[in-house]
Protein chains: 2
Amino acid sequence: MAPHRTRRRIPEATVARLPVYLQILVEQGEHGVGNISSEGLAELAGVNAAKVRKDLSYLGSYGTRGVGYEVDYLVYQMRRELGLDHDWPVVIVGAGNLGQALAGYGGFGERGFPVAGVVDIDEAKFDTLVGGVRVRPLDDLSQIVRAKSLSIGVIATPPSAAQDAADRLVSAGVTSILNFAPVVLVVPAGVTVRKVDLAVELQILSYHEQRRASQAVPLHSIPANVGRGASA
Amino acid sequence: MAPHRTRRRIPEATVARLPVYLQILVEQGEHGVGNISSEGLAELAGVNAAKVRKDLSYLGSYGTRGVGYEVDYLVYQMRRELGLDHDWPVVIVGAGNLGQALAGYGGFGERGFPVAGVVDIDEAKFDTLVGGVRVRPLDDLSQIVRAKSLSIGVIATPPSAAQDAADRLVSAGVTSILNFAPVVLVVPAGVTVRKVDLAVELQILSYHEQRRASQAVPLHSIPANVGRGASA
DNA sequence: GCAGCTTTGTGAAATCGTGCACGAGCGGCG
DNA sequence: CGCCGCTCGTGCACGATTTCACAAAGCTGC
């Protein structure tokens with residue numbers, strides 16, 4: 001295998017699609033598909049075939065002209081590039097409704113992100129089990145992060161506590177944060193934050209609904225597919 | 001007030017940011033702030049001031065030069081444009097871990113998206129209460145949607161059931177879907193789908209972590225802020 | 001009423017992302 | 001061994017988005 005100095009930077013838009021391709025490829029692999037064309041993958045991912053080829057080309061030239069891509073090999077390369085060749089344990093801050101659901105959602109561990117810890121500020125929750133993990137005091141956060149060298153933290157607190165949670169995560173050494181609180185976090189440069197705001201998603205849908213309602217009827221002029229979603 | 005024929009189409013990128021501005025404006029309003037400049041709003045939203053002005057300009061010319069924007073009026077206009085001048089009740093398909101958390105998450109109702117119904121395929125769950133709503137059989141979905149003229153459906157099923165859920169929602173008349181299942185949905189044109197895949201979000205973070213790890217150390221060359229997130 | 005200061009609204013330039021079109025490379029077949 | 005058909009990799013044009021830069025416009029104070 002080549003020296004794998006990190007190759008050229010992959011555009012964000014592509015990075016956001018790679019996991020989707022990966023998911024599909026793994027699934028196809030399990031169904032016994034050994035090879036797939038950009039056309040085929042594009043169909044399954046709900047995107048354009050040229051886009052698939054361009055996206056995959058950032059990983060390197062792993063396709064075979066006239067044939068397509070070998071599913072297993074592509075999965076391997078994609079995992080490597082995404083840093084999924086090992087697990088990334090995460091710590092969840094906030095054991096409320098959402099925090100519990102996240103901890104209990106098996107999908108995390110299965111996809112390489114086991115829940116290494118859950119902390120909350122509410123004493124009543126200490127030592128209760130959520131998703132098989134014991135809830136610990138917020139003040140233990142730093143120790144948990146350091147002890148397990150965690151890089152990724154998930155914020156599932158109420159909005160008012162989110163910035164504090166972020167500050168604590170960052171000072172404990174976390175460099176990537178997935179934020180579910182409807183709050184714009186301020187973090188130092190070098191820390192990556194992704195925000196998932198359920199209400200925002202619904203409001204975007206609302207905009208499109210509102211638009212449909214107030215418009216004549218030219219349905220065809222409305223993009224069938226918006227944002228990270230997909231449709232046909 | 002003007003006849004408000006839907007004005008020019010608002011770019012998707014802008015539509016995705018408006019709810020964030022809205023959230024901030026409402027908050028500022030509650031804090032007694034009556035007026036805000038593009039600069040101030042930009043700071044709070046973690047974006048560029050010029051971008052704020054351009055985004056707001058799609059709503060109309062609601063600012064006052066030399067002064068800024070009147071918070072309340074801007075909130076009003078933004079709500080109107082986003083279709084948030086009335087509630088959009090939603091139905092949740094799937095009363096598992098995530099479905100329950102979503103139904104129980106007060107944030108939905110508060111922000112204009114009350115949970116009008118929850119359905120599941122598991123008999124054991126029928127008639128249990130989640131978030132104050134009684135779980136009903138999947139087969140009642142169509143009736144629920146029609147009875148309440150719902151436009152928005154939320155899919156919180158396991159991946160294997162997601163496409164079926166989508167089909168049922170669409171045939172019942174839903175035209176917007178928020179999909180939490182890690183599956184690419186196929187829907188007819190005219191239906192808007194937004195996908196939220198928690199594992200994908202984590203994988204994107206993983207990519208950046210991996211990149212940091214494999215790179216020399218030029219931290220400053222890494223964008224501090226990625227995707228929909230924010231940082232400083 | 002006018003000068004000066006501030007902040008908006010918006011053309012124009014720069015950047016980023018997408019999709020097309022096509023040359024290049026590979027496997028299969030005669 | 002050479003030809004054919006298929007599919008990748010990518011240059012290029014186009015469209016969308018971001019950013020810059022500045023004229024226009026409102027407010028304040030004299």
# chains A, B, ... in the order shown; residues from 1 in each chain; ligands from 1
call {"tool": "interface_residues", "arguments": {"of": "chain B", "to": "chain C", "cutoff": "7 Å", "atoms": "only C-alpha atoms (C1' of nucleotides)", "output": "ChimeraX atom specification"}}
result
/B:63-68
call {"tool": "interface_residues", "arguments": {"of": "chain D", "to": "chain B", "cutoff": "8 Å", "atoms": "only C-alpha atoms (C1' of nucleotides)", "output": "ChimeraX atom specification"}}
result
/D:17-19,25-27
call {"tool": "write_last_selection", "arguments": {"atoms": "N, CA and C atoms (P, O5', C5', C4', C3', O3' and C1' of nucleotides)", "output": "PDB file, in the first residue's frame"}}
result
ATOM      1  P    DT D  17     -27.598  28.146  -3.823  1.00  0.00           P
ATOM      2  O5'  DT D  17     -26.255  28.805  -3.273  1.00  0.00           O
ATOM      3  C5'  DT D  17     -25.130  27.980  -3.008  1.00  0.00           C
ATOM      4  C4'  DT D  17     -24.005  28.825  -2.511  1.00  0.00           C
ATOM      5  C3'  DT D  17     -24.383  29.850  -1.446  1.00  0.00           C
ATOM      6  O3'  DT D  17     -23.565  29.576  -0.326  1.00  0.00           O
ATOM      7  C1'  DT D  17     -23.029  30.826  -3.142  1.00  0.00           C
ATOM      8  P    DT D  18     -23.588  30.436   0.990  1.00  0.00           P
ATOM      9  O5'  DT D  18     -22.294  31.334   0.767  1.00  0.00           O
ATOM     10  C5'  DT D  18     -21.052  30.702   0.521  1.00  0.00           C
ATOM     11  C4'  DT D  18     -19.981  31.730   0.294  1.00  0.00           C
ATOM     12  C3'  DT D  18     -19.906  32.821   1.365  1.00  0.00           C
ATOM     13  O3'  DT D  18     -18.559  32.867   1.812  1.00  0.00           O
ATOM     14  C1'  DT D  18     -19.947  33.784  -0.793  1.00  0.00           C
ATOM     15  P    DT D  19     -18.115  33.727   3.070  1.00  0.00           P
ATOM     16  O5'  DT D  19     -17.550  35.026   2.381  1.00  0.00           O
ATOM     17  C5'  DT D  19     -16.439  34.905   1.503  1.00  0.00           C
ATOM     18  C4'  DT D  19     -16.198  36.227   0.827  1.00  0.00           C
ATOM     19  C3'  DT D  19     -16.196  37.435   1.781  1.00  0.00           C
ATOM     20  O3'  DT D  19     -14.888  37.989   1.759  1.00  0.00           O
ATOM     21  C1'  DT D  19     -17.426  37.887  -0.211  1.00  0.00           C
ATOM     22  P    DA D  25     -31.308  56.507  -2.162  1.00  0.00           P
ATOM     23  O5'  DA D  25     -31.275  56.355  -0.580  1.00  0.00           O
ATOM     24  C5'  DA D  25     -31.491  55.076   0.001  1.00  0.00           C
ATOM     25  C4'  DA D  25     -31.515  55.219   1.495  1.00  0.00           C
ATOM     26  C3'  DA D  25     -32.304  56.435   1.996  1.00  0.00           C
ATOM     27  O3'  DA D  25     -33.070  56.005   3.085  1.00  0.00           O
ATOM     28  C1'  DA D  25     -30.129  56.477   2.866  1.00  0.00           C
ATOM     29  P    DG D  26     -34.224  56.924   3.732  1.00  0.00           P
ATOM     30  O5'  DG D  26     -33.806  56.927   5.266  1.00  0.00           O
ATOM     31  C5'  DG D  26     -33.772  55.676   5.966  1.00  0.00           C
ATOM     32  C4'  DG D  26     -33.065  55.920   7.271  1.00  0.00           C
ATOM     33  C3'  DG D  26     -33.681  57.055   8.092  1.00  0.00           C
ATOM     34  O3'  DG D  26     -33.786  56.611   9.430  1.00  0.00           O
ATOM     35  C1'  DG D  26     -31.378  57.453   7.763  1.00  0.00           C
ATOM     36  P    DC D  27     -34.524  57.468  10.544  1.00  0.00           P
ATOM     37  O5'  DC D  27     -33.289  57.963  11.403  1.00  0.00           O
ATOM     38  C5'  DC D  27     -32.444  57.004  12.035  1.00  0.00           C
ATOM     39  C4'  DC D  27     -31.357  57.769  12.732  1.00  0.00           C
ATOM     40  C3'  DC D  27     -31.883  58.906  13.604  1.00  0.00           C
ATOM     41  O3'  DC D  27     -31.295  58.770  14.883  1.00  0.00           O
ATOM     42  C1'  DC D  27     -30.231  59.690  12.097  1.00  0.00           C
TER      43       DC D  27
END
call {"tool": "closest_residue", "arguments": {"among": "A:Val130, A:Val187, A:Val145, A:Ile152", "to": "chain B", "atoms": "only C-alpha atoms"}}
result
A:Val187
call {"tool": "select_by_dssp", "arguments": {"residues": "chain B", "states": "strand (DSSP E)", "output": "mmCIF file with C-alpha atoms, in the first residue's frame"}}
result
data_model
loop_
_atom_site.group_PDB
_atom_site.id
_atom_site.type_symbol
_atom_site.label_atom_id
_atom_site.label_comp_id
_atom_site.auth_asym_id
_atom_site.auth_seq_id
_atom_site.Cartn_x
_atom_site.Cartn_y
_atom_site.Cartn_z
ATOM 1 C CA ASN B 35 -32.840 46.638 17.251
ATOM 2 C CA ILE B 36 -29.924 44.736 15.768
ATOM 3 C CA GLY B 63 -33.615 47.272 7.555
ATOM 4 C CA THR B 64 -33.018 50.924 8.264
ATOM 5 C CA GLY B 68 -30.120 48.188 11.662
ATOM 6 C CA TYR B 69 -33.126 45.899 11.803
ATOM 7 C CA GLU B 70 -36.060 46.098 14.168
ATOM 8 C CA VAL B 90 -46.509 16.407 12.432
ATOM 9 C CA VAL B 91 -46.955 12.685 12.625
ATOM 10 C CA ILE B 92 -44.140 10.460 13.779
ATOM 11 C CA VAL B 93 -43.775 7.002 12.294
ATOM 12 C CA VAL B 115 -46.879 16.061 17.527
ATOM 13 C CA ALA B 116 -50.324 15.218 16.222
ATOM 14 C CA GLY B 117 -49.803 11.492 16.178
ATOM 15 C CA VAL B 118 -47.397 8.641 16.644
ATOM 16 C CA VAL B 119 -47.784 5.308 14.921
ATOM 17 C CA ASP B 120 -45.904 2.061 15.176
ATOM 18 C CA LEU B 129 -48.324 7.197 25.775
ATOM 19 C CA VAL B 130 -45.226 8.863 24.427
ATOM 20 C CA VAL B 133 -49.667 11.152 22.628
ATOM 21 C CA ARG B 134 -51.211 7.738 22.305
ATOM 22 C CA VAL B 135 -49.395 5.382 19.951
ATOM 23 C CA ARG B 136 -51.643 4.051 17.219
ATOM 24 C CA PRO B 137 -51.289 1.281 14.657
ATOM 25 C CA ILE B 152 -45.259 16.809 7.449
ATOM 26 C CA GLY B 153 -44.210 13.327 8.506
ATOM 27 C CA VAL B 154 -41.229 12.204 10.533
ATOM 28 C CA ILE B 155 -39.690 8.794 9.925
ATOM 29 C CA SER B 176 -42.647 16.868 3.434
ATOM 30 C CA ILE B 177 -40.681 14.195 5.217
ATOM 31 C CA LEU B 178 -37.990 14.389 7.832
ATOM 32 C CA ASN B 179 -36.122 11.110 7.671
ATOM 33 C CA THR B 192 -39.535 17.243 -0.085
ATOM 34 C CA VAL B 193 -37.317 14.997 1.966
ATOM 35 C CA ARG B 194 -34.699 16.020 4.471
ATOM 36 C CA LYS B 195 -32.472 13.382 5.919
#
call {"tool": "closest_residue", "arguments": {"among": "B:Ser171, B:Ser38, B:Gln143, B:Gln210", "to": "chain A", "atoms": "only C-alpha atoms"}}
result
B:Gln210
call {"tool": "select_by_dssp", "arguments": {"residues": "range 30-177 of chain B", "states": "helix (DSSP H, G or I)", "output": "count of residues only"}}
result
69
call {"tool": "atom_distance", "arguments": {"atom1": "CA of Arg79 in chain A", "atom2": "CA of Ser61 in chain A"}}
result
15.5 Å
call {"tool": "atom_distance", "arguments": {"atom1": "CA of Leu84 in chain B", "atom2": "CA of Glu110 in chain B"}}
result
11.7 Å
call {"tool": "closest_residue", "arguments": {"among": "B:Asp140, B:Asp85, B:Asp72, B:Asp55", "to": "chain A", "atoms": "only C-alpha atoms"}}
result
B:Asp85
call {"tool": "residues_around", "arguments": {"residues": "Ala16 in chain B", "least_positions_apart": "2", "cutoff": "10 Å", "atoms": "only C-alpha atoms (C1' of nucleotides)", "output": "list in words"}}
result
Val200, Glu201, Gln203, Ile204, Leu205, Tyr207 and Gly227 of chain A; Pro11, Glu12, Ala13, Thr14, Leu18, Pro19, Val20, Tyr21 and Arg228 of chain B
call {"tool": "residues_around", "arguments": {"residues": "Gly107 in chain A", "least_positions_apart": "3", "cutoff": "10 Å", "atoms": "only C-alpha atoms (C1' of nucleotides)", "output": "PyMOL selection string"}}
result
(chain A and resi 102-104+110-114) or (chain B and resi 158+182+198-199)
call {"tool": "closest_residue", "arguments": {"among": "A:Gly32, A:Gly46, A:Gly131, A:Gly94", "to": "chain B", "atoms": "only C-alpha atoms"}}
result
A:Gly46
call {"tool": "atom_distance", "arguments": {"atom1": "CA of Ala161 in chain A", "atom2": "CA of Asn97 in chain A"}}
result
14.8 Å
call {"tool": "closest_residue", "arguments": {"among": "B:His31, B:Arg146, B:Arg80, B:Lys125", "to": "chain A", "atoms": "only C-alpha atoms"}}
result
B:Arg80
call {"tool": "decode", "arguments": {"residues": "range 128-171 of chain B", "atoms": "C-alpha atoms", "output": "mmCIF file, in the first residue's frame"}}
result
data_model
loop_
_atom_site.group_PDB
_atom_site.id
_atom_site.type_symbol
_atom_site.label_atom_id
_atom_site.label_comp_id
_atom_site.auth_asym_id
_atom_site.auth_seq_id
_atom_site.Cartn_x
_atom_site.Cartn_y
_atom_site.Cartn_z
ATOM 1 C CA THR B 128 -48.979 3.515 25.284
ATOM 2 C CA LEU B 129 -48.324 7.197 25.775
ATOM 3 C CA VAL B 130 -45.226 8.863 24.427
ATOM 4 C CA GLY B 131 -44.891 12.577 24.941
ATOM 5 C CA GLY B 132 -48.532 12.745 25.853
ATOM 6 C CA VAL B 133 -49.667 11.152 22.628
ATOM 7 C CA ARG B 134 -51.211 7.738 22.305
ATOM 8 C CA VAL B 135 -49.395 5.382 19.951
ATOM 9 C CA ARG B 136 -51.643 4.051 17.219
ATOM 10 C CA PRO B 137 -51.289 1.281 14.657
ATOM 11 C CA LEU B 138 -49.350 1.947 11.519
ATOM 12 C CA ASP B 139 -52.461 1.145 9.542
ATOM 13 C CA ASP B 140 -54.183 4.177 11.016
ATOM 14 C CA LEU B 141 -51.525 6.440 9.558
ATOM 15 C CA SER B 142 -53.455 7.369 6.486
ATOM 16 C CA GLN B 143 -56.551 8.176 8.488
ATOM 17 C CA ILE B 144 -54.595 10.333 10.913
ATOM 18 C CA VAL B 145 -52.923 12.259 8.134
ATOM 19 C CA ARG B 146 -56.167 12.868 6.322
ATOM 20 C CA ALA B 147 -58.220 13.689 9.380
ATOM 21 C CA LYS B 148 -55.802 16.364 10.449
ATOM 22 C CA SER B 149 -54.623 17.398 6.989
ATOM 23 C CA LEU B 150 -51.025 16.866 7.974
ATOM 24 C CA SER B 151 -48.322 17.933 5.559
ATOM 25 C CA ILE B 152 -45.259 16.809 7.449
ATOM 26 C CA GLY B 153 -44.210 13.327 8.506
ATOM 27 C CA VAL B 154 -41.229 12.204 10.533
ATOM 28 C CA ILE B 155 -39.690 8.794 9.925
ATOM 29 C CA ALA B 156 -38.068 7.272 12.990
ATOM 30 C CA THR B 157 -38.247 3.622 12.027
ATOM 31 C CA PRO B 158 -35.486 1.082 11.573
ATOM 32 C CA PRO B 159 -33.859 1.389 8.165
ATOM 33 C CA SER B 160 -35.680 -1.590 6.720
ATOM 34 C CA ALA B 161 -39.072 -0.047 7.386
ATOM 35 C CA ALA B 162 -38.272 3.467 6.262
ATOM 36 C CA GLN B 163 -39.192 3.212 2.599
ATOM 37 C CA ASP B 164 -42.514 1.652 3.440
ATOM 38 C CA ALA B 165 -43.163 4.411 5.928
ATOM 39 C CA ALA B 166 -42.354 6.977 3.280
ATOM 40 C CA ASP B 167 -44.656 5.328 0.774
ATOM 41 C CA ARG B 168 -47.487 5.306 3.255
ATOM 42 C CA LEU B 169 -46.918 8.925 4.215
ATOM 43 C CA VAL B 170 -46.839 10.036 0.626
ATOM 44 C CA SER B 171 -49.921 8.129 -0.386
#
